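**Student:** Sharing model10.txt (compact mmCIF, C-alpha atoms) below.
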```txt
# COMPACT_ATOMS: atom_id res chain seq x y z
CA MET A 125 0.00 0.00 0.00
CA ASN A 126 1.33 3.39 -1.01
CA TYR A 127 0.12 6.82 0.06
CA TYR A 128 -0.24 9.87 -2.16
CA SER A 129 -0.41 13.57 -1.46
CA ILE A 130 -3.94 14.94 -1.89
CA LEU A 131 -2.35 18.05 -3.45
CA GLN A 132 -0.21 16.08 -5.90
CA PRO A 133 -1.42 12.47 -6.40
CA GLN A 134 1.75 11.62 -8.33
CA VAL A 135 3.74 12.05 -5.08
CA GLN A 136 3.59 8.58 -3.50
CA VAL A 137 5.43 7.02 -0.55
CA SER A 138 5.32 3.86 1.59
CA PHE A 139 3.50 3.52 4.92
CA LYS A 140 6.83 3.96 6.71
CA ASP A 141 7.69 7.18 4.92
CA ALA A 142 4.17 8.58 5.28
CA ALA A 143 4.18 7.87 9.04
CA ILE A 144 7.61 9.44 9.52
CA LEU A 145 6.96 12.48 7.32
CA GLY A 146 3.49 13.20 8.71
CA GLN A 147 2.72 15.46 5.77
CA ALA A 148 3.79 15.19 2.14
CA PRO A 149 6.71 17.37 0.99
CA ASP A 150 4.16 19.63 -0.74
CA LYS A 151 2.39 19.93 2.68
CA GLY A 152 -0.63 17.99 1.46
CA LEU A 153 -2.15 15.21 3.56
CA PHE A 154 -1.35 11.63 2.67
CA PHE A 155 -4.15 9.32 1.50
CA PRO A 156 -4.08 5.57 0.77
CA THR A 157 -3.92 4.61 -2.90
CA ASN A 158 -6.78 2.18 -2.39
CA ILE A 159 -9.31 1.26 0.29
CA PRO A 160 -9.61 -2.52 0.85
CA ARG A 161 -13.16 -3.81 0.37
CA TYR A 162 -14.75 -6.83 2.04
CA THR A 163 -17.96 -8.67 1.28
CA SER A 164 -20.72 -9.28 3.84
CA ASP A 165 -19.54 -12.87 4.21
CA GLU A 166 -15.97 -11.71 4.83
CA TRP A 167 -17.15 -9.26 7.49
CA ARG A 168 -19.20 -11.98 9.21
CA ALA A 169 -16.14 -14.24 9.25
CA MET A 170 -13.89 -11.47 10.64
CA PHE A 171 -16.42 -10.67 13.37
CA GLN A 172 -15.79 -14.18 14.74
CA LEU A 173 -12.12 -13.36 15.34
CA PRO A 174 -10.65 -12.08 18.63
CA ALA A 175 -10.23 -8.29 18.66
CA ASN A 176 -6.45 -8.42 18.20
CA GLU A 177 -6.65 -10.73 15.19
CA LEU A 178 -9.48 -8.68 13.70
CA GLY A 179 -7.42 -5.52 14.15
CA TYR A 180 -4.42 -7.15 12.50
CA GLN A 181 -6.48 -8.25 9.48
CA ILE A 182 -7.80 -4.70 8.98
CA MET A 183 -4.48 -2.87 9.39
CA ARG A 184 -2.23 -5.31 7.51
CA PRO A 185 -3.10 -3.98 4.01
CA TYR A 186 -2.43 -0.38 5.12
CA VAL A 187 0.97 -1.20 6.63
CA GLY A 188 2.08 -3.58 3.88
CA ASP A 189 5.58 -4.95 4.33
CA ALA A 190 6.81 -1.91 6.31
CA ILE A 191 6.49 -3.86 9.58
CA PRO A 192 6.96 -7.64 9.96
CA GLU A 193 3.92 -9.76 10.80
CA GLN A 194 4.75 -10.51 14.44
CA GLU A 195 5.82 -6.93 15.15
CA LEU A 196 2.54 -5.63 13.73
CA LYS A 197 0.56 -8.17 15.76
CA ASP A 198 2.35 -6.96 18.89
CA ILE A 199 1.56 -3.34 17.98
CA ILE A 200 -2.13 -4.21 17.49
CA ALA A 201 -2.20 -6.08 20.81
CA ALA A 202 -0.83 -3.01 22.61
CA THR A 203 -3.23 -0.72 20.72
CA LEU A 204 -6.32 -2.76 21.65
CA SER A 205 -5.27 -3.71 25.18
CA PHE A 206 -8.44 -2.30 26.77
CA PRO A 207 -12.18 -2.87 26.19
CA PHE A 208 -14.52 -0.94 23.87
CA PRO A 209 -17.93 -1.78 25.32
CA LEU A 210 -21.16 -1.11 23.45
CA VAL A 211 -23.58 -0.06 26.19
CA PRO A 212 -27.39 0.02 25.78
CA ILE A 213 -28.80 3.41 26.84
CA ALA A 214 -32.40 3.57 25.66
CA HIS A 215 -34.62 1.89 23.10
CA ASN A 216 -32.46 1.53 19.98
CA ILE A 217 -29.73 3.86 21.35
CA TYR A 218 -26.31 2.58 22.37
CA ALA A 219 -23.11 4.26 23.55
CA LEU A 220 -19.74 3.02 22.32
CA GLU A 221 -17.37 3.75 25.20
CA LEU A 222 -13.91 4.66 23.95
CA PHE A 223 -12.47 5.94 27.24
CA HIS A 224 -11.16 2.76 28.84
CA GLY A 225 -7.56 3.29 27.72
CA PRO A 226 -4.70 4.71 29.79
CA THR A 227 -5.58 8.39 29.20
CA LEU A 228 -9.37 7.91 29.34
CA ALA A 229 -10.05 9.06 25.77
CA PHE A 230 -10.61 7.60 22.29
CA LYS A 231 -7.31 8.98 21.05
CA ASP A 232 -5.42 6.27 22.93
CA VAL A 233 -6.05 3.98 19.94
CA GLY A 234 -4.35 6.13 17.31
CA ALA A 235 -1.62 7.38 19.65
CA ARG A 236 -0.63 3.89 20.81
CA PHE A 237 -0.57 2.53 17.26
CA MET A 238 1.44 5.44 15.90
CA SER A 239 3.94 5.58 18.74
CA ARG A 240 4.71 1.90 18.45
CA CYS A 241 5.08 2.07 14.67
CA LEU A 242 7.52 4.98 14.94
CA GLY A 243 9.27 3.25 17.82
CA TYR A 244 9.83 0.26 15.54
CA PHE A 245 11.08 2.43 12.65
CA PHE A 246 13.53 4.34 14.89
CA ARG A 247 14.71 1.40 16.97
CA ASN A 248 18.50 1.47 17.23
CA GLN A 249 18.73 4.55 14.99
CA HIS A 250 21.32 7.24 15.64
CA SER A 251 19.05 10.06 14.47
CA LYS A 252 16.22 11.46 16.59
CA LEU A 253 12.66 12.12 15.46
CA THR A 254 10.88 15.22 16.78
CA VAL A 255 7.11 14.83 17.03
CA LEU A 256 5.12 18.06 17.01
CA VAL A 257 1.51 17.89 18.13
CA ALA A 258 -1.19 20.51 18.63
CA THR A 259 -3.97 19.52 21.01
CA SER A 260 -7.39 20.86 21.92
CA GLY A 261 -7.56 18.47 24.87
CA ASP A 262 -7.28 14.70 24.55
CA THR A 263 -4.70 14.28 21.78
CA GLY A 264 -1.87 15.67 23.90
CA GLY A 265 -2.40 13.28 26.78
CA ALA A 266 -2.78 10.26 24.52
CA VAL A 267 0.35 11.14 22.54
CA ALA A 268 2.35 11.87 25.70
CA CYS A 269 1.39 8.51 27.19
CA GLY A 270 1.91 6.63 23.94
CA PHE A 271 5.38 8.05 23.25
CA LEU A 272 6.67 8.26 26.82
CA GLY A 273 10.10 6.64 26.93
CA VAL A 274 10.10 5.65 23.23
CA GLU A 275 13.72 5.47 22.11
CA GLY A 276 14.82 8.00 19.50
CA VAL A 277 11.63 10.10 19.67
CA GLU A 278 11.14 13.52 21.29
CA VAL A 279 7.58 14.89 21.64
CA ILE A 280 6.62 18.58 21.81
CA ILE A 281 2.97 19.31 22.60
CA LEU A 282 1.33 22.71 22.01
CA TYR A 283 -1.95 23.33 23.83
CA PRO A 284 -4.13 26.44 24.34
CA LYS A 285 -3.50 27.73 27.85
CA GLY A 286 -6.65 27.80 29.96
CA ARG A 287 -8.72 25.96 27.34
CA VAL A 288 -8.17 22.35 28.43
CA SER A 289 -9.56 20.69 31.53
CA PRO A 290 -7.37 20.19 34.63
CA VAL A 291 -7.18 16.42 34.04
CA GLN A 292 -6.30 16.92 30.38
CA GLU A 293 -3.58 19.42 31.31
CA LEU A 294 -2.03 17.09 33.88
CA GLN A 295 -1.96 14.25 31.35
CA LEU A 296 0.10 16.22 28.86
CA THR A 297 2.30 18.21 31.30
CA SER A 298 3.25 15.63 33.93
CA CYS A 299 5.13 13.00 31.93
CA GLY A 300 8.64 14.47 31.73
CA GLU A 301 11.41 12.43 30.08
CA ASN A 302 11.05 12.87 26.29
CA ILE A 303 7.76 14.83 26.52
CA THR A 304 7.64 18.67 26.60
CA ALA A 305 4.44 20.72 26.84
CA LEU A 306 4.08 24.32 25.62
CA ALA A 307 1.18 26.40 26.98
CA VAL A 308 0.22 28.68 24.09
CA GLU A 309 -1.53 32.00 24.74
CA GLY A 310 -4.19 31.40 22.12
CA THR A 311 -6.62 28.88 20.63
CA PHE A 312 -6.20 25.36 19.31
CA ASP A 313 -6.21 26.78 15.78
CA ASP A 314 -3.22 28.95 16.78
CA CYS A 315 -1.42 25.84 18.03
CA GLN A 316 -2.25 23.91 14.87
CA GLN A 317 -1.10 26.80 12.67
CA MET A 318 2.25 26.98 14.48
CA VAL A 319 2.78 23.27 13.91
CA LYS A 320 1.85 23.59 10.22
CA GLU A 321 4.26 26.51 9.79
CA ALA A 322 7.05 24.46 11.34
CA PHE A 323 6.55 21.76 8.72
CA MET A 324 6.63 24.37 5.95
CA ASP A 325 9.84 25.94 7.29
CA LYS A 326 12.69 24.64 5.12
CA GLN A 327 15.38 25.88 7.51
CA LEU A 328 13.79 24.04 10.42
CA SER A 329 13.21 20.87 8.39
CA ALA A 330 16.87 20.86 7.38
CA LEU A 331 17.96 20.86 11.03
CA LEU A 332 15.29 18.68 12.64
CA GLN A 333 13.56 15.51 11.51
CA LEU A 334 9.96 16.49 12.14
CA THR A 335 6.69 14.60 12.08
CA SER A 336 3.19 15.19 13.41
CA ALA A 337 1.18 13.13 15.89
CA ASN A 338 -2.10 14.84 15.05
CA SER A 339 -4.65 12.93 13.02
CA ILE A 340 -3.14 14.37 9.86
CA ASN A 341 -0.61 11.53 10.30
CA ILE A 342 -1.92 8.35 8.65
CA ALA A 343 -0.55 6.23 11.52
CA ARG A 344 -2.75 8.22 13.94
CA TRP A 345 -5.75 8.49 11.66
CA LEU A 346 -6.29 5.06 10.08
CA PRO A 347 -6.35 2.82 13.20
CA GLN A 348 -9.35 4.79 14.48
CA GLN A 349 -11.52 2.75 12.13
CA LEU A 350 -10.91 -0.25 14.40
CA TYR A 351 -13.39 0.78 17.07
CA TYR A 352 -16.18 1.21 14.51
CA ILE A 353 -15.45 -2.36 13.47
CA LEU A 354 -15.36 -3.56 17.09
CA ALA A 355 -18.69 -1.81 17.65
CA MET A 356 -20.26 -3.71 14.77
CA GLN A 357 -18.75 -6.94 16.08
CA GLN A 358 -20.83 -6.38 19.24
CA TRP A 359 -23.92 -4.97 17.53
CA PRO A 360 -27.23 -6.87 18.03
CA GLN A 361 -27.91 -7.84 14.43
CA HIS A 362 -31.66 -8.14 14.91
CA LEU A 363 -31.85 -4.35 15.33
CA GLY A 364 -30.79 -3.72 11.73
CA VAL A 365 -27.97 -1.56 10.42
CA PRO A 366 -27.21 1.37 12.76
CA VAL A 367 -26.58 5.08 12.36
CA ILE A 368 -23.41 6.27 14.16
CA ALA A 369 -23.06 9.74 15.69
CA VAL A 370 -19.52 11.04 16.03
CA PRO A 371 -18.47 14.04 18.17
CA SER A 372 -16.42 15.96 15.60
CA GLY A 373 -13.70 18.59 15.86
CA ASN A 374 -10.77 17.97 13.54
CA PHE A 375 -12.83 15.27 11.74
CA GLY A 376 -10.19 12.55 11.78
CA ASN A 377 -12.46 10.28 13.82
CA LEU A 378 -15.47 10.57 11.51
CA CYS A 379 -13.24 10.25 8.46
CA ALA A 380 -11.83 6.96 9.82
CA GLY A 381 -15.37 5.65 10.27
CA LEU A 382 -16.13 6.61 6.68
CA VAL A 383 -13.07 4.66 5.53
CA ALA A 384 -14.42 1.58 7.34
CA HIS A 385 -17.79 2.16 5.68
CA GLN A 386 -16.10 2.34 2.28
CA SER A 387 -14.53 -1.03 3.11
CA GLY A 388 -18.04 -2.45 3.34
CA LEU A 389 -18.65 -2.17 7.09
CA PRO A 390 -22.45 -2.23 7.50
CA ILE A 391 -23.25 1.28 8.78
CA HIS A 392 -26.43 2.90 7.47
CA HIS A 393 -25.58 6.56 8.01
CA PHE A 394 -23.27 8.91 9.93
CA ILE A 395 -24.04 11.93 12.08
CA ALA A 396 -21.43 14.67 12.44
CA ALA A 397 -22.12 16.11 15.90
CA CYS A 398 -20.45 19.49 16.41
CA ASN A 399 -20.55 22.28 18.93
CA VAL A 400 -20.81 25.85 17.64
CA ASN A 401 -17.56 25.35 15.73
CA ASP A 402 -19.63 24.05 12.84
CA ALA A 403 -18.08 24.97 9.49
CA VAL A 404 -18.59 21.39 8.26
CA ILE A 405 -22.20 21.31 9.49
CA LYS A 406 -22.95 24.36 7.37
CA PHE A 407 -21.29 22.63 4.40
CA LEU A 408 -23.47 19.55 4.93
CA ALA A 409 -26.50 21.84 4.88
CA GLY A 410 -25.49 23.08 1.41
CA ALA A 411 -23.16 26.01 2.01
CA ALA A 412 -19.59 26.30 0.75
CA PHE A 413 -16.97 25.17 3.26
CA ALA A 414 -15.78 28.29 5.12
CA PRO A 415 -13.35 27.91 8.06
CA ALA A 416 -13.83 30.30 10.96
CA ALA A 417 -12.04 31.29 14.13
CA ALA A 418 -12.52 28.75 16.93
CA THR A 419 -14.94 29.49 19.76
CA ALA A 420 -14.39 28.07 23.26
CA THR A 421 -17.11 25.65 24.44
CA LEU A 422 -17.76 23.02 27.11
CA SER A 423 -16.76 20.31 24.59
CA ASN A 424 -13.29 21.77 24.20
CA ALA A 425 -11.68 18.95 22.20
CA MET A 426 -14.04 19.91 19.37
CA ASP A 427 -13.19 23.63 19.39
CA VAL A 428 -11.72 23.56 15.88
CA GLY A 429 -12.60 26.24 13.36
CA ASN A 430 -10.64 24.78 10.44
CA PRO A 431 -10.68 20.96 10.65
CA SER A 432 -7.66 19.46 8.91
CA ASN A 433 -9.22 16.12 8.01
CA PHE A 434 -12.21 17.51 6.17
CA ILE A 435 -10.15 17.48 2.98
CA ARG A 436 -9.73 13.72 3.41
CA ILE A 437 -13.50 13.27 3.48
CA ILE A 438 -13.72 15.23 0.23
CA GLU A 439 -10.96 13.02 -1.23
CA LEU A 440 -12.56 9.78 -0.01
CA PHE A 441 -15.69 10.58 -2.02
CA GLN A 442 -13.79 11.99 -4.98
CA LYS A 443 -15.13 15.50 -4.40
CA ASN A 444 -18.74 14.34 -4.82
CA ASN A 445 -20.47 16.67 -2.36
CA THR A 446 -23.88 15.18 -3.12
CA VAL A 447 -22.81 11.73 -1.94
CA ILE A 448 -21.19 13.21 1.19
CA ARG A 449 -24.35 15.10 2.11
CA GLN A 450 -26.47 11.98 1.57
CA LEU A 451 -24.31 9.81 3.83
CA ILE A 452 -23.66 12.33 6.63
CA SER A 453 -26.15 14.41 8.58
CA GLY A 454 -24.80 17.32 10.61
CA TYR A 455 -26.05 18.97 13.78
CA THR A 456 -24.82 21.98 15.75
CA ILE A 457 -25.21 21.53 19.51
CA THR A 458 -24.96 24.52 21.84
CA ASP A 459 -23.49 24.44 25.35
CA GLU A 460 -27.02 24.72 26.73
CA GLU A 461 -28.12 21.68 24.73
CA THR A 462 -24.99 19.84 25.87
CA LEU A 463 -25.88 20.43 29.52
CA THR A 464 -29.46 19.33 28.86
CA ALA A 465 -28.20 16.11 27.28
CA ILE A 466 -25.91 15.36 30.24
CA ALA A 467 -28.85 15.87 32.59
CA LYS A 468 -31.22 13.71 30.54
CA LEU A 469 -28.74 10.86 30.21
CA TYR A 470 -28.22 10.84 33.97
CA GLN A 471 -31.78 11.43 35.15
CA GLN A 472 -33.60 9.18 32.68
CA TYR A 473 -31.01 6.52 31.90
CA GLN A 474 -28.59 6.64 34.88
CA TYR A 475 -25.72 7.20 32.45
CA ILE A 476 -22.95 9.74 33.11
CA ALA A 477 -21.65 11.28 29.88
CA ASP A 478 -18.88 13.74 29.20
CA PRO A 479 -19.68 16.89 27.18
CA HIS A 480 -18.48 15.38 23.88
CA GLY A 481 -20.59 12.26 24.23
CA ALA A 482 -23.49 14.48 25.26
CA VAL A 483 -23.11 16.48 22.04
CA ALA A 484 -23.35 13.23 20.06
CA PHE A 485 -26.38 12.04 22.08
CA SER A 486 -28.14 15.35 21.51
CA ALA A 487 -27.46 15.04 17.77
CA VAL A 488 -28.92 11.51 17.84
CA GLU A 489 -32.10 12.88 19.40
CA LYS A 490 -32.38 15.50 16.67
CA TYR A 491 -31.85 12.82 14.01
CA LEU A 492 -34.51 10.59 15.56
CA GLU A 493 -37.04 13.42 15.37
CA LYS A 494 -36.82 13.04 11.58
CA PHE A 495 -36.16 9.30 11.44
CA PRO A 496 -37.84 7.74 14.48
CA ASN A 497 -37.06 4.19 15.58
CA HIS A 498 -33.81 3.94 13.62
CA PRO A 499 -31.12 2.24 15.77
CA CYS A 500 -28.28 4.58 16.69
CA ILE A 501 -24.84 4.45 18.30
CA PHE A 502 -23.19 7.55 19.72
CA LEU A 503 -19.48 7.64 20.51
CA GLU A 504 -18.60 8.42 24.13
CA THR A 505 -15.09 9.65 23.46
CA ALA A 506 -13.80 10.69 26.91
CA HIS A 507 -14.35 9.73 30.53
CA PRO A 508 -16.57 12.29 32.34
CA VAL A 509 -13.90 12.62 35.06
CA LYS A 510 -11.94 14.75 32.59
CA PHE A 511 -14.66 17.43 32.85
CA PRO A 512 -15.64 17.43 36.54
CA GLU A 513 -16.75 21.06 36.81
CA THR A 514 -19.28 20.67 34.00
CA VAL A 515 -20.54 17.16 34.70
CA GLU A 516 -20.67 17.21 38.50
CA LYS A 517 -22.62 20.47 38.52
CA VAL A 518 -25.28 18.87 36.32
CA ILE A 519 -25.58 15.48 38.02
CA GLY A 520 -25.22 16.90 41.54
CA LYS A 521 -22.57 14.52 42.84
CA PRO A 522 -18.83 13.76 42.48
CA ILE A 523 -17.72 11.46 39.68
CA GLN A 524 -16.03 8.31 40.89
CA LEU A 525 -12.38 8.47 39.92
CA PRO A 526 -11.03 5.55 37.87
CA PRO A 527 -7.62 4.19 38.94
CA ALA A 528 -5.81 6.04 36.13
CA ALA A 529 -7.20 9.38 37.33
CA ILE A 530 -6.33 8.66 40.98
CA GLU A 531 -2.68 8.13 40.03
CA LEU A 532 -2.71 11.20 37.78
CA MET A 533 -3.85 13.50 40.59
CA LYS A 534 -0.66 12.71 42.50
CA ARG A 535 1.52 14.25 39.78
CA THR A 536 2.75 17.80 39.19
CA GLY A 537 2.47 19.31 35.73
CA ILE A 538 5.21 21.40 34.10
CA SER A 539 4.69 23.49 30.97
CA ILE A 540 6.52 26.27 29.17
CA PRO A 541 4.47 29.43 28.41
CA ILE A 542 4.76 30.76 24.87
CA ALA A 543 2.94 33.35 22.75
CA ALA A 544 0.85 32.32 19.74
CA ASN A 545 3.72 33.47 17.55
CA TYR A 546 5.53 31.19 15.12
CA SER A 547 8.82 33.15 15.25
CA GLN A 548 9.03 32.66 19.02
CA PHE A 549 8.19 28.97 18.63
CA LYS A 550 10.87 28.53 15.99
CA ASP A 551 13.46 30.34 18.10
CA TRP A 552 12.60 28.08 21.04
CA LEU A 553 12.96 24.95 18.89
CA LEU A 554 16.34 26.06 17.54
CA SER A 555 17.66 27.08 20.94
CA ARG A 556 17.13 23.66 22.53
```
Kindly transcribe the structure held in the file into structure tokens.
**Tutor:**
Amino acid sequence: MNYYSILQPQVQVSFKDAAILGQAPDKGLFFPTNIPRYTSDEWRAMFQLPANELGYQIMRPYVGDAIPEQELKDIIAATLSFPFPLVPIAHNIYALELFHGPTLAFKDVGARFMSRCLGYFFRNQHSKLTVLVATSGDTGGAVACGFLGVEGVEVIILYPKGRVSPVQELQLTSCGENITALAVEGTFDDCQQMVKEAFMDKQLSALLQLTSANSINIARWLPQQLYYILAMQQWPQHLGVPVIAVPSGNFGNLCAGLVAHQSGLPIHHFIAACNVNDAVIKFLAGAAFAPAAATATLSNAMDVGNPSNFIRIIELFQKNNTVIRQLISGYTITDEETLTAIAKLYQQYQYIADPHGAVAFSAVEKYLEKFPNHPCIFLETAHPVKFPETVEKVIGKPIQLPPAAIELMKRTGISIPIAANYSQFKDWLLSR
């Protein structure tokens, strides 16, 4: 399997090179040259496999011969080393819980897969890889945990100061070793722009071997399709083919689900659930895509005004906007609606959701107003303990801390303050 630049399809590289580069030399995003397709019978047969073997079968074509069979199986085993339960909530509504990994968020899947792939590629190498990552919340913690102690790899995380939750901030600032966190005086979009400028800086690229750990990197993005597949492995078939609602910010998660759908995974329809940062929702409603400045909300990991992975969705469907709008419904959920959804889930169904899962649940309710009785899954992408101020105020009691959070609270975070200014960021990188 090769990967081409969306900007210049003639520029093609291997999985290894795409994972190490992060972006193509022309700064376009990489995209697989083909999407494997499976028949209904093949899917039924794969659903009988253990999760690790199923994950290996799905990822093997994307990795090709870049990683030996046993090494890739070990990477998959580490990636899927925690459960992904499909939990019934109400009649025909289920939650897919993606927060049972080490950093209590769905991004553990992509971060663990990517870190172990790069760890394999740089094992026993004399050169060092510098991973730059912008985070709006959960990515930073997942990447920090995934890459902690990985030989030959240094990680630099940029996050918007004051715009991540206390638990999220501790996860990305308390690791030490080869992980450094920069607290940027700005928004996530500022952080993402600084990272993009670093990759476009020829002087910097000549001095440092840079890659990205955001979902623009194919090794972060593609393994996210695994939990859609694991959801369907658990799905009660008598309910019919489900609709899946995805809390969406940078749109890597939804795009990965769409890739699985293109492979033949039986999903009827997708819902893009956004907060007020809803440029894609407006596109789905018929408008031209128009990025905007990010607005801070309760669902902070989705505070993205210019989602990087949207271009991959366009590419996946060969720029056919009609097909995209038929397959994906979009809903904008306000903070008020988010709080209402948290309250309803707790009071009516005894389920505690985080703000991102609540956004997806609220979008499901809006979808069901038009299409009643259709079975739906919403992704619960983060543990509610990561947003205690919001959730506890609504449900009226403390959230029980999972073991990972108890250990985290014992740590001290360290970050370096920096302005939302690329020149300062570059100077800091070169002075290290």
**Student:** Within 12 Å of A:His362, counting all atoms listed in the file, which residues show up once you throw out same-chain ones fewer than 3 positions away? Write them as a compact mmCIF listing (two decimals) with C-alpha atoms, keeping the file's coordinate frame, please.
**Tutor:**
```
# COMPACT_ATOMS: atom_id res chain seq x y z
CA ASN A 216 -32.46 1.53 19.98
CA GLN A 358 -20.83 -6.38 19.24
CA TRP A 359 -23.92 -4.97 17.53
CA VAL A 365 -27.97 -1.56 10.42
CA PRO A 366 -27.21 1.37 12.76
CA PRO A 499 -31.12 2.24 15.77
```
**Student:** Which residue gives the smallest distance to A:Ala397 among A:Phe230, A:Phe237, A:Trp552, A:Tyr455, with only C-alpha atoms counted?
**Tutor:**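 Smallest distance to A:Ala397 is found for A:Tyr455.
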**Student:** Looking at only C-alpha atoms, which of A:Gly234, A:Gly388, A:Gly300, A:Gly261 is the one that sits closest to A:Leu282?
**Tutor:**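 The answer is A:Gly261, which sits nearest to A:Leu282.
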**Student:** Nearest to A:Ile391: which of A:Gly429, A:Gly225, A:Gly243, A:Gly364 is it, counting only C-alpha atoms?
**Tutor:**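 Among the listed residues, the smallest separation from A:Ile391 belongs to A:Gly364.
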**Student:** Using all atoms listed in the file, which residues sit within 6 Å of A:Thr462 once same-chain residues fewer than 3 positions away are excluded, as a PDB file with C-alpha atoms, in the coordinates of the input?
**Tutor:**
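Wrote it out as out_19.pdb, contents follow:
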```
ATOM      1  CA  ASP A 459     -23.490  24.440  25.350  1.00  0.00           C
ATOM      2  CA  ALA A 465     -28.200  16.110  27.280  1.00  0.00           C
ATOM      3  CA  ALA A 482     -23.490  14.480  25.260  1.00  0.00           C
ATOM      4  CA  VAL A 483     -23.110  16.480  22.040  1.00  0.00           C
TER       5      VAL A 483
END
```
**Student:** Pick out the closest residue to A:Ala142 from this set: A:Cys241, A:Leu354, A:Ile281, A:Ala229. Count all atoms listed in the file.
**Tutor:**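 Among the listed residues, the smallest separation from A:Ala142 belongs to A:Cys241.
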**Student:** Neighbours of A:His480 within 8 Å (all atoms listed in the file; same-chain residues fewer than 5 positions away dropped), as a CSV table (one decimal) with C-alpha atoms, keeping the file's coordinate frame?
**Tutor:**
```csv
chain,number,residue,atom,x,y,z
A,371,PRO,CA,-18.5,14.0,18.2
A,423,SER,CA,-16.8,20.3,24.6
A,425,ALA,CA,-11.7,19.0,22.2
A,426,MET,CA,-14.0,19.9,19.4
A,504,GLU,CA,-18.6,8.4,24.1
A,505,THR,CA,-15.1,9.6,23.5
A,506,ALA,CA,-13.8,10.7,26.9
```
**Student:** Here is a test: counting all atoms listed in the file, which residue of A:Ala322, A:Leu389, A:Ala412, A:Ala266 is nearest to A:Thr297?
**Tutor:**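 Ranking A:Ala322, A:Leu389, A:Ala412, A:Ala266 by distance to A:Thr297, first place goes to A:Ala266.
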**Student:** May I ask for the distance between atom CA of A:Glu278 and atom CA of A:Phe323, given in Å to one decimal place?
**Tutor:** 15.7 Å
**Student:** Tell me, in Å to one decimal, how far atom CA of A:Phe394 is from atom CA of A:Ala169.
**Tutor:**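 Interatomic distance, atom CA of A:Phe394 to atom CA of A:Ala169: 24.2 Å.
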**Student:** I want to know what sits within 9 Å of stretch 517-524 of chain A, based on all atoms listed in the file, with residues of the same chain fewer than 2 positions away left out; could you give that as a ChimeraX atom specification?
**Tutor:** /A:463-464,466-467,470-471,476,508-509,512-515,526
**Student:** Find, counting only C-alpha atoms, the residue in A:Ile457, A:Ala175, A:Ile182, A:Leu332 that gets nearest to A:Ala201.
**Tutor:**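 Once distances to A:Ala201 are computed over only C-alpha atoms, the minimum belongs to A:Ala175.
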**Student:** Tell me, in Å to one decimal, how far atom CA of A:Leu334 is from atom CA of A:Thr203.
**Tutor:**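 Computing it gives 23.3 Å between the two atoms.
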**Student:** With a distance cut-off of 9 Å and only C-alpha atoms, select the neighbouring residues of A:Gly179, excluding the residue or stretch itself and same-chain residues fewer than 3 positions from it, and output the selection as a compact mmCIF listing (two decimals) with C-alpha atoms, in the frame of the given file.
**Tutor:**
```txt
# COMPACT_ATOMS: atom_id res chain seq x y z
CA PRO A 174 -10.65 -12.08 18.63
CA ALA A 175 -10.23 -8.29 18.66
CA ASN A 176 -6.45 -8.42 18.20
CA ILE A 182 -7.80 -4.70 8.98
CA MET A 183 -4.48 -2.87 9.39
CA ARG A 184 -2.23 -5.31 7.51
CA LYS A 197 0.56 -8.17 15.76
CA ILE A 200 -2.13 -4.21 17.49
CA ALA A 201 -2.20 -6.08 20.81
CA LEU A 204 -6.32 -2.76 21.65
CA PRO A 347 -6.35 2.82 13.20
CA LEU A 350 -10.91 -0.25 14.40
CA ILE A 353 -15.45 -2.36 13.47
CA LEU A 354 -15.36 -3.56 17.09
```
